[in-house]
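Worksheet for the structure shown next.
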Amino acid sequence: MATLAQLLQDIESSPDGPGVAAIFDFDGTVIAGYSATVFIREQIRRGDLSPRQLVELSAAMTSFGLGNLGFSAMMAVNAQFMRGIEEATYEEIGERLYQKQIARMVYPESRKLIEAHQAKGHTVAVISSATPYQVRASAADLGIEHVLCTELEVENGRFTGHLVSPTCFGQGKVDAAEALAAETGADLDQSFFYSDSTDDQLLLERVGHPRALNPSARLAGVARDHQWPVVRFGSRGRPSLSQWVRSVAATVSLVPSFAAGLPIYALTGSRRDSLNFSFSLFADTASALIGLHLNVKGEENLWARRPAVFIFNHQSKADVVIMASLLRRDIAGVGKKEIKKLPVIGKVLEMGGVVMIDRANAKSAIDAMAPLVEAMRTEGKSVVLAPEGTRSVSPKLLPFKKGAFHLAMQAGVPIVPVVIRNAGDVAPKGEFVFRPATVEVEVLPPVDTDDWRVEDIDEHVREVRNRFLAALGQPLEAAPKATPKASQKAAPKAPAKEPRRKKAPAKARKSPGKTPAKAKRGHAAGANGKTPPRPRARPKSAATSEPPRRGAE
């Protein structure tokens with residue numbers, strides 16, 4: 001068995017540039033489980049698969065699994081049920097299912113392998129027997145440009161019920177890889193292919209660096225015979241009973257932690273000391289139960305300027321434990337109003353100083369956070385919140401809301417950015433179970449807000465968000481193009497002109513002596529190509545061959 005570190009070292013030792021391809025299978029390799037299962041459930045929910053059709057599809061899949069039916073024949077069964085449906089509908093479904101379900105199935109280890117290949121400038125691709133609607137959204141979020149899949153035939157924007165031949169399976173994957181190499185100039189003999197199944201054995205044998213990730217028993221045997229590296233990931237997939245129990249214990253540990261602080265309040269009368277003890281106890285207890293470890297860079301910035309508004313990028317419910325472990329004392333938080341509905345825990349958090357806001361109502365959210373300004377000014381408490389407003393499904397940073405920045409300005413305190421790189425390894429959005437992991441955290445220097453102005457708030461938000469993006473290695477947000485002020489936009493008001501008149505016929509314009517009166521009027525160009533000066537306006541009574549101009553009236 002190899003390790004992830006060894007695979008990463010192999011990538012680091014390989015040549016730079018697009019001449020090396022890094023090809024990934026999708027189901028079981030990039031994600032834990034099968035995207036087809038997610039899509040079939042959605043087809044049933046939408047009514048795209050009737051009960052009878054589901055039975056037919058299940059029979060076809062079973063026959064394929066037993067080796068009695070080919071892959072193309074199995075896919076043809078499902079394709080016929082999609083006849084007449086708009087392709088755009090399934091593109092939208094693919095994006096939605098990625099956000100809701102598939103994103104949390106992505107192996108963090110596979111993400112690291114993909115990022116390592118991208119850092120080397122390799123040609124990164126997904127070659128999958130799945131349809132593009134199952135794969136494209138994931139590939140886009142992972143920054144993978146090349147996606148080669150089993151295509152469904154489309155005419156006039158609708159599925160015809162047929163497949164595009166050949167399908168991307170077996171030899172079809174080899175053909176797809178050869179086409180990718182021809183397009184990009186990659187050399188397959190120097191390239192990598194990652195897969196979990198013997199269905200991909202032909203392509204594994206074709207490339208120079210085959211890798212068996214989370215292999216089936218059959219592929220593990222083949223890999224052993226060929227001496228291919230084998231690595232198994234435990235960060236996704238079905239959790240163990242122990243992980244379930246520990247996750248429940250970590251979640252509810254908030255309640256006994258706060259109960260443990262009550263004697264301190266009863267004996268000393270200090271609610272602040274009681275809460276500080278409870279926060280620290282919760283952070284340590286939950287971290288131990290989860291198996292959460294922090295590798296912190298810039299820890300001195302946690303204590304350099306307090307009180308402050310601490311902001312963090314939000315990927316996981318584990319962020320609550322992470323921020324409690326970092327800040328320890330004298331903190332207040334902001335959470336969504338739905339937290340109040342949690343039995344016991346919601347009330348405990350509210351009593352602990354967490355302000356619940358309605359994210360859909362900006363006015364009420366601002367009003368609800370007003371007490372936090374007072375807590376920072378008079379009690380010296382710091383506030384911690386996520387400016388993205390919700391958890392992201394991947395490490396990609398979402399747009400920032402402005403609440404944290406207004407808070408800091410009103411209280412006259414600095415903003416301290418806390419960059420959390422991989423909290424999704426512990427518990428991605430939508431996942432209840434916590435997984436053991438070491439999370440990388442970087443605390444950036446405090447950002448002074450003393451000279452900030454409300455009218456420049458958008459620029460301040462962009463500047464701070466760019467600090468996060470730089471620390472995460474993501475593209476910076478460009479400054480918006482400067483627009484002229486209203487006074488600069490308005491051009492000097494020109495005198496009103498007379499209505500445009502039709503030009504005289506060409507012959508008349510060529511003969512100045514015979515030019516009709518109409519052709520003389522207005523600012524016609526002179527014989528030298530220059531525009532003659534505008535004659536001065538004259539009163540209506542003045543004798544003239546042309547009517548008075550509006551500007552003179």
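Letters for chains follow the order of the structure tokens (A, B, ...), residue numbers begin at 1 for each chain, and ligand numbers begin at 1 in the order shown.
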ask   = How would you write, as a ChimeraX atom specification, the set of residues in segment 173-411 of chain A that DSSP gives as strand (DSSP E)?
value = /A:192-195,209-213,230-231,292-297,309-312,331-336,354-357,382-385
Segment 43-52 of chain A surroundings by only C-alpha atoms, 12 Å radius, close-in-sequence under 5 positions cut, as a short mmCIF file (atom, residue, chain, number, x, y, z; two decimals) with C-alpha atoms, in the first residue's frame:
data_model
loop_
_atom_site.label_atom_id
_atom_site.label_comp_id
_atom_site.auth_asym_id
_atom_site.auth_seq_id
_atom_site.Cartn_x
_atom_site.Cartn_y
_atom_site.Cartn_z
CA ALA A 36 -25.68 7.66 -11.02
CA THR A 37 -27.46 6.80 -7.77
CA VAL A 38 -27.97 10.50 -7.01
CA LEU A 57 -33.47 0.12 -15.62
CA SER A 58 -32.75 -1.88 -12.46
CA ALA A 59 -32.91 -5.12 -14.44
CA VAL A 77 -32.06 1.72 -21.59
CA ASN A 78 -31.79 4.89 -19.51
CA ALA A 79 -31.30 7.12 -22.56
CA GLN A 80 -34.59 6.05 -24.10
CA PHE A 81 -36.47 7.15 -20.98
CA MET A 82 -35.06 10.68 -21.41
CA ARG A 83 -36.41 11.17 -24.93
CA GLY A 84 -37.95 14.62 -25.42
CA ILE A 85 -36.52 16.20 -22.24
CA GLU A 86 -34.62 19.46 -22.74
CA THR A 89 -33.00 20.90 -17.75
CA TYR A 90 -30.40 18.26 -16.96
CA ILE A 93 -30.14 19.46 -12.41
CA GLY A 94 -26.45 18.56 -12.57
CA LEU A 97 -27.24 18.06 -7.39
#
request  = Compare A:Ala125, A:Leu407, A:Ile322, A:Val30 by their minimum atom-to-atom distance to Asn422 of chain A, counting only C-alpha atoms, and give me the closest one.
outcome  = A:Ile322
ask   = Which residue gives the smallest distance to Glu463 of chain A among A:Asp225, A:Pro436, A:Pro417, A:Leu8, with only C-alpha atoms counted?
value = A:Pro417
Rows by chain and residue number, segment 47-111 of chain A within 10 Å of segment 140-143 of chain A, shortest pair, only C-alpha atoms, as CSV:
residue,atom,partner,partner_atom,distance
A:Glu95,CA,A:Ala140,CA,10.0
A:Tyr98,CA,A:Asp141,CA,9.5
A:Ala103,CA,A:Asp141,CA,9.0
A:Val106,CA,A:Leu142,CA,9.7
A:Arg111,CA,A:Leu142,CA,7.3
task = Determine which residues of segment 134-276 of chain A DSSP labels as alpha helix (DSSP H) from the backbone of this structure, then write them out as a PyMOL selection string.
result = chain A and resi 134-141+171-184+201-206+217-226+241-252+254-260+262-268+271-276
ask   = Using only C-alpha atoms, which residue out of A:Ala266, A:Ala116, A:Ala324, A:Ala249 lies closest to Ser280 of chain A?
value =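 Using only C-alpha atoms, Ser280 of chain A sits closest to A:Ala324.
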What are the closest atom pairs, with distances in Å to one decimal, for all residues of segment 225-334 of chain A lying within 7 Å of segment 369-387 of chain A? Consider only C-alpha atoms, order rows by chain and residue number, and present the result as CSV.
residue,atom,partner,partner_atom,distance
A:Arg306,CA,A:Ser382,CA,6.7
A:Pro307,CA,A:Ser382,CA,4.6
A:Ala308,CA,A:Ser382,CA,4.9
A:Val309,CA,A:Val383,CA,4.8
A:Phe310,CA,A:Val384,CA,4.6
A:Ile311,CA,A:Leu385,CA,5.2
A:Phe312,CA,A:Ala386,CA,5.2
A:Asn313,CA,A:Ala386,CA,6.0
A:His314,CA,A:Ala386,CA,6.0
A:Asp330,CA,A:Lys381,CA,4.9
A:Ile331,CA,A:Ser382,CA,4.8
A:Ala332,CA,A:Val383,CA,4.8
A:Gly333,CA,A:Val384,CA,5.0
A:Val334,CA,A:Leu385,CA,5.6
Residues as selected, N, CA and C atoms, written as a compact mmCIF listing (two decimals), in the first residue's frame, can you do that?
# COMPACT_ATOMS: atom_id res chain seq x y z
N ARG A 306 -7.24 43.34 20.50
CA ARG A 306 -8.56 42.96 20.98
C ARG A 306 -9.16 44.11 21.76
N PRO A 307 -10.46 44.34 21.64
CA PRO A 307 -11.44 43.58 20.86
C PRO A 307 -11.27 43.80 19.36
N ALA A 308 -11.84 42.88 18.61
CA ALA A 308 -11.77 42.93 17.15
C ALA A 308 -12.95 42.16 16.58
N VAL A 309 -13.15 42.33 15.29
CA VAL A 309 -14.11 41.50 14.56
C VAL A 309 -13.30 40.44 13.81
N PHE A 310 -13.43 39.19 14.24
CA PHE A 310 -12.72 38.08 13.60
C PHE A 310 -13.63 37.49 12.51
N ILE A 311 -13.14 37.47 11.29
CA ILE A 311 -13.93 36.91 10.19
C ILE A 311 -13.21 35.70 9.61
N PHE A 312 -13.98 34.70 9.19
CA PHE A 312 -13.39 33.46 8.68
C PHE A 312 -14.18 32.97 7.47
N ASN A 313 -13.52 32.22 6.61
CA ASN A 313 -14.19 31.60 5.47
C ASN A 313 -14.86 30.32 5.94
N HIS A 314 -16.13 30.16 5.57
CA HIS A 314 -17.01 29.16 6.18
C HIS A 314 -17.20 27.96 5.25
N ASP A 330 -13.78 35.74 25.78
CA ASP A 330 -14.31 37.09 25.50
C ASP A 330 -14.77 37.22 24.06
N ILE A 331 -15.66 36.31 23.66
CA ILE A 331 -16.15 36.34 22.28
C ILE A 331 -17.67 36.29 22.24
N ALA A 332 -18.21 36.89 21.20
CA ALA A 332 -19.64 36.80 20.89
C ALA A 332 -19.73 36.42 19.42
N GLY A 333 -20.80 35.74 19.06
CA GLY A 333 -20.91 35.26 17.69
C GLY A 333 -22.20 35.66 17.02
N VAL A 334 -22.28 35.38 15.72
CA VAL A 334 -23.47 35.63 14.92
C VAL A 334 -23.84 34.33 14.24
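With atom CA of Arg41 of chain A on one side and atom CA of Pro132 of chain A on the other, the separation reads 17.2 Å.
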query = Expressed in Å to a single decimal, how great is the separation between atom CA of Gly424 of chain A and atom CA of Lys297 of chain A?
reply =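 Spanning atom CA of Gly424 of chain A to atom CA of Lys297 of chain A is a straight-line distance of 18.6 Å.
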Contacts of Val461 of chain A at 12 Å (only C-alpha atoms; same-chain gap of 2+ positions) as a PyMOL selection string = chain A and resi 311+387-388+399-406+408+415+417+447+449+452-459+463-468+477+479
request  = Just give me the gap between atom CA of Ala177 of chain A and atom CA of Ala5 of chain A in Å, one decimal is fine.
outcome  = 26.2 Å
Using only C-alpha atoms, I'd like a table of the residues in segment 25-133 of chain A that come within 12 Å of segment 184-191 of chain A; for each, show the closest atom pair and its distance in Å rounded to one decimal, ordered by chain and ascending number, as JSON lines.
{"residue": "A:His117", "atom": "CA", "partner": "A:Ser191", "partner_atom": "CA", "distance": 10.7}
{"residue": "A:Gly121", "atom": "CA", "partner": "A:Ala186", "partner_atom": "CA", "distance": 11.5}
{"residue": "A:His122", "atom": "CA", "partner": "A:Ala186", "partner_atom": "CA", "distance": 8.7}
{"residue": "A:Thr123", "atom": "CA", "partner": "A:Ala186", "partner_atom": "CA", "distance": 7.2}
{"residue": "A:Val124", "atom": "CA", "partner": "A:Ser191", "partner_atom": "CA", "distance": 10.0}
{"residue": "A:Ala125", "atom": "CA", "partner": "A:Thr184", "partner_atom": "CA", "distance": 10.9}
Export N, CA and C atoms of the chosen residues as an mmCIF file, in the first residue's frame?
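The resulting file, result15.cif, is shown below:
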data_model
loop_
_atom_site.group_PDB
_atom_site.id
_atom_site.type_symbol
_atom_site.label_atom_id
_atom_site.label_comp_id
_atom_site.auth_asym_id
_atom_site.auth_seq_id
_atom_site.Cartn_x
_atom_site.Cartn_y
_atom_site.Cartn_z
ATOM 1 N N HIS A 117 -1.294 18.314 -9.537
ATOM 2 C CA HIS A 117 -1.075 18.246 -10.990
ATOM 3 C C HIS A 117 -1.257 19.626 -11.626
ATOM 4 N N GLY A 121 1.291 22.338 -13.918
ATOM 5 C CA GLY A 121 0.927 22.718 -15.281
ATOM 6 C C GLY A 121 0.516 21.552 -16.145
ATOM 7 N N HIS A 122 0.160 20.413 -15.537
ATOM 8 C CA HIS A 122 -0.229 19.230 -16.308
ATOM 9 C C HIS A 122 -1.600 19.409 -16.948
ATOM 10 N N THR A 123 -1.866 18.619 -17.969
ATOM 11 C CA THR A 123 -3.186 18.576 -18.593
ATOM 12 C C THR A 123 -4.078 17.684 -17.733
ATOM 13 N N VAL A 124 -4.987 18.292 -16.987
ATOM 14 C CA VAL A 124 -5.839 17.536 -16.064
ATOM 15 C C VAL A 124 -7.191 17.286 -16.718
ATOM 16 N N ALA A 125 -7.668 16.048 -16.639
ATOM 17 C CA ALA A 125 -8.908 15.675 -17.304
ATOM 18 C C ALA A 125 -9.670 14.645 -16.484
#
key: Closest of A:Ser216, A:Ser242, A:Ser247, A:Ser128 to Phe193 of chain A - atom-to-atom distances counting only C-alpha atoms   = A:Ser128
